[in-house]
Each structure stands twice: as structure tokens, then as C-alpha cells.
file entry-v3.txt (compact mmCIF, N, CA, C and O atoms)
# COMPACT_ATOMS: atom_id res chain seq x y z
N MET L 1 195.50 217.47 224.11
CA MET L 1 194.66 217.26 225.26
C MET L 1 193.28 216.76 224.83
O MET L 1 192.68 215.97 225.52
N PHE L 2 192.80 217.25 223.68
CA PHE L 2 191.49 216.83 223.21
C PHE L 2 191.48 215.33 222.95
O PHE L 2 190.51 214.63 223.24
N LEU L 3 192.57 214.79 222.40
CA LEU L 3 192.64 213.35 222.15
C LEU L 3 192.62 212.56 223.45
O LEU L 3 192.18 211.41 223.48
N PHE L 4 193.11 213.15 224.53
CA PHE L 4 193.08 212.49 225.82
C PHE L 4 191.64 212.21 226.25
O PHE L 4 191.35 211.18 226.87
N ILE L 5 190.71 213.09 225.91
CA ILE L 5 189.30 212.90 226.24
C ILE L 5 188.61 212.03 225.20
O ILE L 5 187.77 211.19 225.51
N LEU L 6 188.99 212.20 223.94
CA LEU L 6 188.28 211.56 222.84
C LEU L 6 188.63 210.08 222.64
O LEU L 6 187.88 209.35 222.02
N TRP L 7 189.73 209.61 223.19
CA TRP L 7 190.17 208.24 222.92
C TRP L 7 189.17 207.20 223.39
O TRP L 7 189.15 206.08 222.89
N VAL L 8 188.31 207.52 224.34
CA VAL L 8 187.35 206.54 224.86
C VAL L 8 186.11 206.42 223.98
O VAL L 8 185.28 205.55 224.22
N THR L 9 185.98 207.27 222.98
CA THR L 9 184.78 207.24 222.13
C THR L 9 184.57 205.88 221.47
O THR L 9 183.45 205.35 221.53
N PRO L 10 185.57 205.27 220.84
CA PRO L 10 185.31 203.94 220.25
C PRO L 10 184.89 202.90 221.30
O PRO L 10 184.05 202.05 221.03
N ALA L 11 185.47 202.99 222.50
CA ALA L 11 185.08 202.05 223.55
C ALA L 11 183.63 202.27 223.96
O ALA L 11 182.88 201.32 224.18
N ALA L 12 183.22 203.53 224.07
CA ALA L 12 181.83 203.83 224.42
C ALA L 12 180.88 203.36 223.32
O ALA L 12 179.78 202.91 223.60
N MET L 13 181.32 203.45 222.06
CA MET L 13 180.48 203.00 220.95
C MET L 13 180.23 201.49 221.01
O MET L 13 179.19 201.02 220.57
N MET L 14 181.17 200.73 221.56
CA MET L 14 180.99 199.28 221.68
C MET L 14 179.87 198.93 222.65
O MET L 14 179.31 197.85 222.59
N LEU L 15 179.54 199.85 223.57
CA LEU L 15 178.49 199.59 224.54
C LEU L 15 177.10 199.86 223.99
O LEU L 15 176.11 199.49 224.61
N LEU L 16 177.01 200.52 222.84
CA LEU L 16 175.70 200.80 222.24
C LEU L 16 175.11 199.52 221.67
O LEU L 16 175.83 198.61 221.26
N PRO L 17 173.77 199.42 221.65
CA PRO L 17 173.14 198.21 221.10
C PRO L 17 173.49 198.04 219.62
O PRO L 17 173.57 199.00 218.87
N GLN L 18 173.73 196.81 219.23
CA GLN L 18 174.05 196.49 217.85
C GLN L 18 172.76 196.27 217.06
O GLN L 18 171.75 195.83 217.62
N PRO L 19 172.75 196.58 215.77
CA PRO L 19 171.55 196.35 214.97
C PRO L 19 171.23 194.86 214.88
O PRO L 19 172.12 194.01 214.93
N ALA L 20 169.94 194.57 214.76
CA ALA L 20 169.49 193.17 214.74
C ALA L 20 169.92 192.46 213.47
O ALA L 20 170.17 191.27 213.46
N LYS L 21 170.02 193.18 212.37
CA LYS L 21 170.38 192.55 211.10
C LYS L 21 171.54 193.30 210.47
O LYS L 21 171.72 194.50 210.69
N GLU L 22 172.32 192.58 209.71
CA GLU L 22 173.42 193.20 208.98
C GLU L 22 172.86 193.86 207.73
O GLU L 22 172.02 193.31 207.03
N SER L 23 173.36 195.04 207.46
CA SER L 23 172.88 195.77 206.30
C SER L 23 174.07 196.48 205.66
O SER L 23 175.00 196.91 206.34
N LYS L 24 174.03 196.64 204.35
CA LYS L 24 175.10 197.33 203.64
C LYS L 24 174.90 198.84 203.68
O LYS L 24 175.80 199.60 203.35
N ALA L 25 173.72 199.29 204.06
CA ALA L 25 173.43 200.73 204.11
C ALA L 25 174.09 201.35 205.34
O ALA L 25 174.42 200.67 206.31
N VAL L 26 174.25 202.65 205.28
CA VAL L 26 174.83 203.39 206.40
C VAL L 26 173.85 203.40 207.56
O VAL L 26 172.66 203.71 207.38
N ASP L 27 174.31 203.03 208.73
CA ASP L 27 173.48 203.04 209.93
C ASP L 27 173.53 204.44 210.53
O ASP L 27 174.43 204.78 211.30
N TRP L 28 172.58 205.28 210.14
CA TRP L 28 172.61 206.69 210.55
C TRP L 28 172.43 206.87 212.04
O TRP L 28 172.95 207.81 212.62
N GLN L 29 171.72 205.97 212.68
CA GLN L 29 171.56 206.06 214.12
C GLN L 29 172.92 205.91 214.81
O GLN L 29 173.26 206.65 215.73
N GLN L 30 173.73 204.98 214.34
CA GLN L 30 175.05 204.78 214.93
C GLN L 30 175.97 205.96 214.60
O GLN L 30 176.76 206.38 215.45
N VAL L 31 175.88 206.50 213.42
CA VAL L 31 176.68 207.68 213.04
C VAL L 31 176.33 208.86 213.94
O VAL L 31 177.21 209.56 214.45
N LEU L 32 175.04 209.07 214.17
CA LEU L 32 174.61 210.17 215.03
C LEU L 32 175.00 209.93 216.49
O LEU L 32 175.35 210.88 217.20
N ASP L 33 174.95 208.68 216.94
CA ASP L 33 175.43 208.36 218.30
C ASP L 33 176.91 208.71 218.44
O ASP L 33 177.33 209.29 219.44
N PHE L 34 177.69 208.34 217.44
CA PHE L 34 179.12 208.65 217.46
C PHE L 34 179.35 210.16 217.47
O PHE L 34 180.18 210.67 218.22
N ALA L 35 178.59 210.87 216.66
CA ALA L 35 178.71 212.34 216.62
C ALA L 35 178.34 212.94 217.97
O ALA L 35 178.98 213.90 218.44
N GLN L 36 177.32 212.41 218.61
CA GLN L 36 176.89 212.92 219.91
C GLN L 36 177.99 212.71 220.96
O GLN L 36 178.26 213.61 221.76
N ILE L 37 178.62 211.56 220.95
CA ILE L 37 179.72 211.31 221.88
C ILE L 37 180.87 212.28 221.60
O ILE L 37 181.49 212.82 222.52
N GLY L 38 181.14 212.53 220.33
CA GLY L 38 182.18 213.50 219.98
C GLY L 38 181.86 214.89 220.46
O GLY L 38 182.74 215.61 220.96
N VAL L 39 180.61 215.30 220.33
CA VAL L 39 180.20 216.63 220.80
C VAL L 39 180.34 216.75 222.31
O VAL L 39 180.82 217.76 222.83
N VAL L 40 179.96 215.71 223.03
CA VAL L 40 180.10 215.72 224.49
C VAL L 40 181.58 215.80 224.89
O VAL L 40 181.95 216.56 225.78
N ALA L 41 182.42 215.04 224.21
CA ALA L 41 183.85 215.07 224.51
C ALA L 41 184.44 216.45 224.21
O ALA L 41 185.23 216.98 225.00
N LEU L 42 184.07 217.02 223.09
CA LEU L 42 184.55 218.36 222.74
C LEU L 42 184.08 219.39 223.76
O LEU L 42 184.86 220.25 224.20
N THR L 43 182.84 219.30 224.17
CA THR L 43 182.31 220.23 225.16
C THR L 43 183.04 220.09 226.49
O THR L 43 183.39 221.10 227.12
N ALA L 44 183.30 218.87 226.90
CA ALA L 44 184.04 218.67 228.15
C ALA L 44 185.44 219.25 228.06
O ALA L 44 185.91 219.91 229.00
N TYR L 45 186.10 219.05 226.94
CA TYR L 45 187.44 219.61 226.76
C TYR L 45 187.41 221.13 226.83
O TYR L 45 188.21 221.75 227.54
N LEU L 46 186.49 221.74 226.10
CA LEU L 46 186.40 223.21 226.09
C LEU L 46 186.08 223.74 227.49
O LEU L 46 186.66 224.72 227.93
N TYR L 47 185.17 223.09 228.18
CA TYR L 47 184.73 223.58 229.48
C TYR L 47 185.79 223.43 230.56
O TYR L 47 186.01 224.33 231.36
N PHE L 48 186.45 222.28 230.58
CA PHE L 48 187.37 222.00 231.68
C PHE L 48 188.82 222.42 231.42
O PHE L 48 189.58 222.64 232.35
N PHE L 49 189.23 222.51 230.15
CA PHE L 49 190.63 222.78 229.87
C PHE L 49 190.85 224.07 229.09
O PHE L 49 191.67 224.91 229.48
N TYR L 50 190.16 224.23 227.97
CA TYR L 50 190.46 225.34 227.08
C TYR L 50 190.00 226.69 227.64
O TYR L 50 190.78 227.64 227.69
N ILE L 51 188.76 226.78 228.05
CA ILE L 51 188.22 228.05 228.54
C ILE L 51 188.94 228.54 229.79
O ILE L 51 189.32 229.72 229.86
N PRO L 52 189.21 227.71 230.80
CA PRO L 52 189.96 228.22 231.97
C PRO L 52 191.35 228.75 231.61
O PRO L 52 191.79 229.75 232.17
N SER L 53 192.03 228.11 230.66
CA SER L 53 193.35 228.61 230.28
C SER L 53 193.24 229.95 229.57
O SER L 53 194.10 230.82 229.74
N ARG L 54 192.19 230.14 228.79
CA ARG L 54 192.00 231.44 228.12
C ARG L 54 191.67 232.53 229.14
O ARG L 54 192.12 233.66 229.01
N TRP L 55 190.88 232.21 230.17
CA TRP L 55 190.56 233.19 231.20
C TRP L 55 191.83 233.64 231.93
O TRP L 55 191.98 234.80 232.28
N GLU L 56 192.74 232.69 232.17
CA GLU L 56 193.98 233.04 232.86
C GLU L 56 194.84 233.98 232.04
O GLU L 56 195.48 234.88 232.58
N THR L 57 194.89 233.78 230.74
CA THR L 57 195.77 234.60 229.91
C THR L 57 195.14 235.92 229.48
O THR L 57 195.83 236.92 229.38
N GLU L 58 193.83 235.93 229.22
CA GLU L 58 193.20 237.13 228.67
C GLU L 58 192.39 237.93 229.67
O GLU L 58 192.13 239.10 229.45
N GLY L 59 191.95 237.33 230.74
CA GLY L 59 191.23 238.03 231.79
C GLY L 59 190.00 238.77 231.31
O GLY L 59 189.10 238.18 230.72
N PRO L 60 189.94 240.10 231.56
CA PRO L 60 188.75 240.88 231.25
C PRO L 60 188.38 240.90 229.76
O PRO L 60 187.22 241.10 229.42
N GLN L 61 189.33 240.68 228.88
CA GLN L 61 189.02 240.67 227.45
C GLN L 61 188.09 239.51 227.08
O GLN L 61 187.37 239.58 226.09
N MET L 62 188.11 238.46 227.87
CA MET L 62 187.23 237.32 227.60
C MET L 62 185.77 237.71 227.74
O MET L 62 184.92 237.20 227.00
N VAL L 63 185.45 238.61 228.65
CA VAL L 63 184.06 239.06 228.82
C VAL L 63 183.58 239.72 227.54
O VAL L 63 182.48 239.44 227.05
N VAL L 64 184.39 240.57 226.97
CA VAL L 64 184.04 241.25 225.72
C VAL L 64 183.86 240.23 224.59
O VAL L 64 182.90 240.32 223.82
N LYS L 65 184.76 239.27 224.51
CA LYS L 65 184.66 238.25 223.46
C LYS L 65 183.40 237.40 223.62
O LYS L 65 182.74 237.06 222.64
N ILE L 66 183.07 237.04 224.86
CA ILE L 66 181.87 236.24 225.09
C ILE L 66 180.61 237.01 224.73
O ILE L 66 179.70 236.47 224.10
N ILE L 67 180.55 238.28 225.10
CA ILE L 67 179.39 239.10 224.76
C ILE L 67 179.26 239.24 223.25
O ILE L 67 178.16 239.12 222.69
N ARG L 68 180.37 239.45 222.56
CA ARG L 68 180.34 239.56 221.10
C ARG L 68 179.87 238.27 220.47
O ARG L 68 179.04 238.28 219.55
N LEU L 69 180.35 237.15 220.97
CA LEU L 69 179.95 235.85 220.44
C LEU L 69 178.45 235.61 220.66
O LEU L 69 177.75 235.11 219.77
N GLN L 70 177.93 235.98 221.82
CA GLN L 70 176.50 235.80 222.09
C GLN L 70 175.66 236.71 221.20
O GLN L 70 174.57 236.30 220.75
N MET L 71 176.14 237.90 220.90
CA MET L 71 175.40 238.79 220.01
C MET L 71 175.36 238.23 218.59
O MET L 71 174.32 238.28 217.92
N ILE L 72 176.47 237.65 218.13
CA ILE L 72 176.51 237.03 216.81
C ILE L 72 175.56 235.84 216.77
O ILE L 72 174.81 235.65 215.81
N ARG L 73 175.59 235.03 217.83
CA ARG L 73 174.68 233.88 217.91
C ARG L 73 173.22 234.31 217.82
O ARG L 73 172.43 233.75 217.07
N ASP L 74 172.87 235.35 218.57
CA ASP L 74 171.49 235.84 218.56
C ASP L 74 171.12 236.41 217.21
O ASP L 74 169.99 236.23 216.74
N ALA L 75 172.05 237.09 216.54
CA ALA L 75 171.76 237.63 215.21
C ALA L 75 171.53 236.51 214.20
O ALA L 75 170.62 236.61 213.36
N VAL L 76 172.30 235.44 214.28
CA VAL L 76 172.10 234.29 213.39
C VAL L 76 170.74 233.66 213.65
O VAL L 76 170.01 233.28 212.72
N LEU L 77 170.36 233.55 214.92
CA LEU L 77 169.04 233.00 215.25
C LEU L 77 167.92 233.89 214.72
O LEU L 77 166.89 233.40 214.24
N VAL L 78 168.10 235.20 214.80
CA VAL L 78 167.09 236.13 214.27
C VAL L 78 166.90 235.88 212.78
O VAL L 78 165.77 235.76 212.29
N VAL L 79 168.01 235.80 212.05
CA VAL L 79 167.93 235.57 210.60
C VAL L 79 167.24 234.23 210.33
O VAL L 79 166.36 234.15 209.46
N GLY L 80 167.60 233.19 211.08
CA GLY L 80 166.97 231.89 210.89
C GLY L 80 165.47 231.92 211.16
O GLY L 80 164.68 231.36 210.38
N PHE L 81 165.05 232.58 212.23
CA PHE L 81 163.62 232.66 212.54
C PHE L 81 162.86 233.51 211.52
O PHE L 81 161.72 233.20 211.18
N VAL L 82 163.48 234.56 211.01
CA VAL L 82 162.83 235.38 209.99
C VAL L 82 162.65 234.58 208.70
O VAL L 82 161.57 234.59 208.09
N ILE L 83 163.69 233.87 208.29
CA ILE L 83 163.58 233.03 207.09
C ILE L 83 162.51 231.98 207.28
O ILE L 83 161.69 231.73 206.39
N ARG L 84 162.49 231.37 208.45
CA ARG L 84 161.48 230.34 208.73
C ARG L 84 160.07 230.93 208.76
O ARG L 84 159.12 230.30 208.30
N ALA L 85 159.94 232.15 209.28
CA ALA L 85 158.62 232.79 209.33
C ALA L 85 158.08 233.05 207.93
O ALA L 85 156.87 232.93 207.71
N PHE L 86 158.96 233.38 207.00
CA PHE L 86 158.50 233.64 205.64
C PHE L 86 158.30 232.36 204.83
O PHE L 86 157.67 232.40 203.77
N SER L 87 158.82 231.24 205.32
CA SER L 87 158.70 230.00 204.56
C SER L 87 157.49 229.16 204.96
O SER L 87 157.21 228.17 204.30
N VAL L 88 156.77 229.55 206.02
CA VAL L 88 155.59 228.79 206.43
C VAL L 88 154.34 229.58 206.06
O VAL L 88 154.39 230.81 205.93
N PRO L 89 153.22 228.90 205.90
CA PRO L 89 151.98 229.62 205.56
C PRO L 89 151.53 230.51 206.72
O PRO L 89 151.95 230.35 207.86
N GLU L 90 150.66 231.45 206.40
CA GLU L 90 150.11 232.37 207.41
C GLU L 90 149.47 231.57 208.54
O GLU L 90 148.94 230.50 208.33
N GLY L 91 149.53 232.11 209.71
CA GLY L 91 148.89 231.45 210.83
C GLY L 91 149.70 231.60 212.10
O GLY L 91 150.61 232.42 212.21
N SER L 92 149.34 230.77 213.06
CA SER L 92 149.97 230.87 214.38
C SER L 92 151.44 230.47 214.36
O SER L 92 152.24 231.00 215.13
N VAL L 93 151.82 229.56 213.48
CA VAL L 93 153.22 229.14 213.41
C VAL L 93 154.08 230.29 212.90
O VAL L 93 155.16 230.56 213.44
N ARG L 94 153.59 231.00 211.91
CA ARG L 94 154.32 232.16 211.38
C ARG L 94 154.46 233.23 212.46
O ARG L 94 155.52 233.81 212.64
N ASP L 95 153.38 233.46 213.20
CA ASP L 95 153.44 234.44 214.29
C ASP L 95 154.44 234.01 215.37
O ASP L 95 155.17 234.84 215.91
N PHE L 96 154.46 232.71 215.65
CA PHE L 96 155.42 232.21 216.64
C PHE L 96 156.86 232.51 216.20
O PHE L 96 157.67 233.00 216.98
N PHE L 97 157.18 232.21 214.93
CA PHE L 97 158.54 232.45 214.45
C PHE L 97 158.87 233.94 214.43
O PHE L 97 160.00 234.34 214.70
N ARG L 98 157.90 234.77 214.11
CA ARG L 98 158.13 236.23 214.15
C ARG L 98 158.42 236.69 215.58
O ARG L 98 159.32 237.50 215.81
N LYS L 99 157.67 236.17 216.53
CA LYS L 99 157.89 236.56 217.93
C LYS L 99 159.24 236.05 218.43
O LYS L 99 159.93 236.75 219.19
N MET L 100 159.63 234.85 218.03
CA MET L 100 160.94 234.34 218.41
C MET L 100 162.06 235.20 217.81
O MET L 100 163.05 235.49 218.47
N ALA L 101 161.87 235.63 216.57
CA ALA L 101 162.87 236.51 215.94
C ALA L 101 162.95 237.82 216.72
O ALA L 101 164.04 238.35 216.96
N GLY L 102 161.81 238.37 217.12
CA GLY L 102 161.80 239.60 217.91
C GLY L 102 162.47 239.43 219.26
O GLY L 102 163.22 240.31 219.71
N LEU L 103 162.23 238.30 219.89
CA LEU L 103 162.85 238.02 221.18
C LEU L 103 164.38 237.98 221.07
O LEU L 103 165.09 238.61 221.85
N PHE L 104 164.88 237.28 220.07
CA PHE L 104 166.32 237.18 219.91
C PHE L 104 166.92 238.48 219.38
O PHE L 104 168.09 238.78 219.64
N LEU L 105 166.13 239.26 218.66
CA LEU L 105 166.59 240.59 218.25
C LEU L 105 166.79 241.48 219.47
O LEU L 105 167.80 242.20 219.57
N LEU L 106 165.86 241.42 220.41
CA LEU L 106 166.03 242.16 221.65
C LEU L 106 167.24 241.67 222.45
O LEU L 106 168.00 242.45 223.01
N ALA L 107 167.41 240.35 222.49
CA ALA L 107 168.54 239.79 223.22
C ALA L 107 169.86 240.19 222.59
O ALA L 107 170.85 240.43 223.30
N ALA L 108 169.92 240.27 221.28
CA ALA L 108 171.16 240.65 220.59
C ALA L 108 171.48 242.12 220.79
O ALA L 108 172.63 242.52 220.73
N GLY L 109 170.46 242.92 221.04
CA GLY L 109 170.67 244.36 221.19
C GLY L 109 171.17 244.77 222.55
O GLY L 109 171.62 245.90 222.74
N PHE L 110 171.15 243.88 223.53
CA PHE L 110 171.56 244.27 224.87
C PHE L 110 172.91 243.72 225.22
O PHE L 110 173.46 242.85 225.14

call {"tool": "encode", "arguments": {"input": "entry-v3.txt", "output": "C-alpha cells"}}
result
Amino acid sequence: MFLFILWVTPAAMMLLPQPAKESKAVDWQQVLDFAQIGVVALTAYLYFFYIPSRWETEGPQMVVKIIRLQMIRDAVLVVGFVIRAFSVPEGSVRDFFRKMAGLFLLAAGF
């Protein structure tokens, strides 16, 4: 089913502007455009096909799985903000990252 959504990606890529000059180097803008289209297609597949089928089969267990997944996401963000807070010099940016880590720590705890 995912390929049913993804098959239009090469066609959509043809509509993007072409570079003005030919170059042997990797065109990272075009690579990222392609990745973005892939992410949108994957998200559409998950939202419209995969998740509804899982809700039908698992029902209330999906709520527990979603909450667990959100807690893991928030914990990863906390670790990322803490690492970032220690990697920048003292000042308002460090305080910002500490506060963001605290915010996501609170979110992960509920």
C-alpha cells in the first residue's frame, strides 16, 4: 500500500525547478526535496491506512502504546536539550535549553 502512495514521487520531482548549470557534484537541495516528498508520502500512508487498521485490531491498547511512545519521545528530547545546554557557553541560550529540557521532563512525567 505504501508503494501505491509513493509511486508519484518521481513525477512530482520532475515538477521541481532544474538547476541552471550542470554539475558533477551532488545536488543536495534536490536530494532533500526528494526526502521531503518521501516523508510526506510516508506520513500520509501512516495516517490514512496504517494507524486506522491498528486501532481496529488493538483498540484500547493503542492508547497505552501512544502514551508510551510520547514519553520516550519526550525523554529523548530532554537528553538532547541537556546535552545542548552543556555544549553552549554560559548565558541566555544555555538557560533556554535548560528550561526546554525541564519542560519536556515535565511532559514526559505525565

call {"tool": "atom_distance", "arguments": {"input": "entry-v3.txt", "atom1": "atom O of L:Val82", "atom2": "atom C of L:Arg94"}}
result
8.5 Å

call {"tool": "atom_distance", "arguments": {"input": "entry-v3.txt", "atom1": "atom CA of L:Phe81", "atom2": "atom C of L:Lys99"}}
result
8.1 Å

call {"tool": "closest_residue", "arguments": {"input": "entry-v3.txt", "among": "L:Tyr47, L:Gln61, L:Ala101, L:Ala41", "to": "L:Val78", "atoms": "only N, CA, C and O atoms"}}
result
L:Ala101

call {"tool": "residues_around", "arguments": {"input": "entry-v3.txt", "residues": "L:Gln70", "least_positions_apart": "4", "cutoff": "8 Å", "atoms": "only C-alpha atoms", "output": "list in words"}}
result
Ile66, Asp74 and Ala108 of chain L

call {"tool": "atom_distance", "arguments": {"input": "entry-v3.txt", "atom1": "atom CA of L:Gly102", "atom2": "atom CA of L:Ile72"}}
result
15.0 Å

call {"tool": "closest_residue", "arguments": {"input": "entry-v3.txt", "among": "L:Trp28, L:Tyr50, L:Phe34, L:Phe97", "to": "L:Ile83", "atoms": "only N, CA, C and O atoms"}}
result
L:Phe97
